[in-house]
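Quick notes on the structure that follows.
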Amino acid sequence: MGILAGKNVLVTGVLTDSSIAFHIARVAQEEGANVVLTSFGRAMSITKRISARLPQEAPVLELDVTNDEHLSNLAAAVKEHMPHLDGVVHSIGFAPEAALGGNFLNTEWPDVATAVHVSAYSLKSLTMACKPLFTAPTGASVVGLDFDAQVAWPKYDWMGVAKAALESTSRYLARDLGKENIRFNLVAAGPIRTMAAKSIPGFDEFETVWNSKSPLEWDVNDPVPAAQAAVALMSPFFTKTTGEIIHVDGGLHAIGG
């Protein structure tokens, strides 16, 4: 039996089979979980096609986390496939081009607001949309994907600010929903060559940092270690861990300049 045997998990953000989210869904299924995915708009057809590459093809539900109607309908849509949820994966992030690439001092508020809304506030929105599907007393595990926001990274700009907001949001959710046994943790992964990474100007600079400084060898083409950490956080092995950031970055976060 796997560590998620009989668990029901919702995974957002699956767009390609190179994404961390795809491998979370895959590993979760291999560990015994039932999985549903979300996508929206033109990406829906892509996600459905990629879902067929999982060990068991997963249903794909429509969810734009900035759309109140989608959020209010999510619980009912999930119930068509499973009676409750034990785990939720937040793999959602977006910043307009003007908010990245070294343009920090010139970025206007509407672009900043979009980055924070989609990348940070959505953790709260997604949680509250799924909350009716969490069962007492077992609660649920919500896991988000992070990129360590302790320092200012080259070219990351307002997405770095949004990730800092994500980290803070996770801690406040852990505080307010812990009494219902709902736990919140983030996986801060090192740079992975995903579709999202390709949209970040200067991504190659991240690769250079990791290849030269991480104590463990880092592979920008391997999303599996981060996926395994997310699956472990949804398992019974981490029932008393919340408000935490688990670094899966080859140890770079612990090493000084």
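Each chain in the structure tokens gets a letter, A, B and so on, in the order shown; residues start at 1 in every chain, and ligands are counted from 1 in the order they appear.
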
**Item:** Residues near Val78 in chain A, cut-off 9 Å, only C-alpha atoms, skip fewer than 3 positions along chain, as a PyMOL selection string
**Value:** chain A and resi 10+36+61+73-75+81-85+130+133

Those same residues - C-alpha atoms - I'd like them written as a compact mmCIF listing (two decimals), in the first residue's frame.
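Ended up saving to result.txt:
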# COMPACT_ATOMS: atom_id res chain seq x y z
CA LEU A 10 -6.97 17.82 -6.20
CA VAL A 36 -8.65 15.22 -10.05
CA LEU A 61 -12.31 20.43 -13.87
CA ASN A 73 -18.87 25.75 -8.19
CA LEU A 74 -15.68 23.83 -7.46
CA ALA A 75 -16.91 21.71 -4.55
CA HIS A 81 -15.86 12.38 -8.97
CA MET A 82 -15.08 11.88 -5.27
CA PRO A 83 -17.00 12.42 -2.00
CA HIS A 84 -14.38 14.50 -0.20
CA LEU A 85 -10.80 15.79 -0.43
CA CYS A 130 -12.31 23.25 -1.24
CA LEU A 133 -14.92 18.89 0.99

**Item:** Contact residues around Thr66 in chain A with only C-alpha atoms at 9 Å, ignoring same-chain residues under 2 positions, as an MDAnalysis selection string
**Value:** chainID A and resid 63:64 68 70:71 117:118 122 125

**Request:** Might you pull out every residue within 6 Å of Leu100 in chain A, with only C-alpha atoms counted and same-chain residues fewer than 4 positions away left off, and present them as a ChimeraX atom specification?
**Result:** /A:155-157

Create the file for the chosen residues now, containing N, CA and C atoms and written as a tab-separated table (two decimals), in the first residue's frame.
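What follows is the written file selection_31.tsv:
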chain	number	residue	atom	x	y	z
A	155	LYS	N	16.04	39.33	-11.79
A	155	LYS	CA	14.96	39.35	-12.79
A	155	LYS	C	13.61	38.85	-12.26
A	156	TYR	N	13.54	38.30	-11.04
A	156	TYR	CA	12.29	37.70	-10.55
A	156	TYR	C	11.30	38.76	-10.09
A	157	ASP	N	11.80	39.86	-9.59
A	157	ASP	CA	11.04	41.08	-9.34
A	157	ASP	C	9.73	40.85	-8.58

**Request:** Could you find all residues in range 83-178 of chain A that DSSP calls helix (DSSP H, G or I) from the backbone, and write them as an MDAnalysis selection string?
**Result:** chainID A and resid 97:99 104:106 109:133 157:178

**Request:** Write down as an MDAnalysis selection string the residues of range 32-221 of chain A whose backbone DSSP state falls under strand (DSSP E or B).
**Result:** chainID A and resid 34:39 60:62 87:90 135 139:146 182:189

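Atom to atom, CA of Lys213 in chain A and CA of Asp146 in chain A stand 19.5 Å apart.
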
Which polymer residues have any atom within 6 Å of an atom of Gly139 in chain A, counting only C-alpha atoms, with same-chain residues fewer than 5 positions away left out, as a PDB file with N, CA and C atoms, in the first residue's frame?
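Contents of the output file around-v8.pdb:
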ATOM      1  N   PHE A 134     -13.479  19.043   2.964  1.00  0.00           N
ATOM      2  CA  PHE A 134     -12.596  18.498   3.992  1.00  0.00           C
ATOM      3  C   PHE A 134     -13.464  17.911   5.102  1.00  0.00           C
ATOM      4  N   ASN A 181      -7.843  20.928  11.847  1.00  0.00           N
ATOM      5  CA  ASN A 181      -6.882  19.924  11.382  1.00  0.00           C
ATOM      6  C   ASN A 181      -6.580  20.067   9.892  1.00  0.00           C
ATOM      7  N   ILE A 182      -6.623  21.294   9.407  1.00  0.00           N
ATOM      8  CA  ILE A 182      -6.223  21.586   8.019  1.00  0.00           C
ATOM      9  C   ILE A 182      -4.826  22.183   8.094  1.00  0.00           C
TER      10      ILE A 182
END

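Minimum atom-to-atom distances from A:Ala226, A:Leu15, A:Ala21, A:Val9 to Arg42 in chain A were compared using only C-alpha atoms, and the lowest value belongs to A:Leu15.
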
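Near Lys163 in chain A, within 8 Å and counting only C-alpha atoms, sit Ser119, Ala120, Asp146, Phe147, Asp148, Ala149, Met159, Gly160, Leu166 and Glu167 of chain A, not including residues fewer than 3 positions from it in the same chain.
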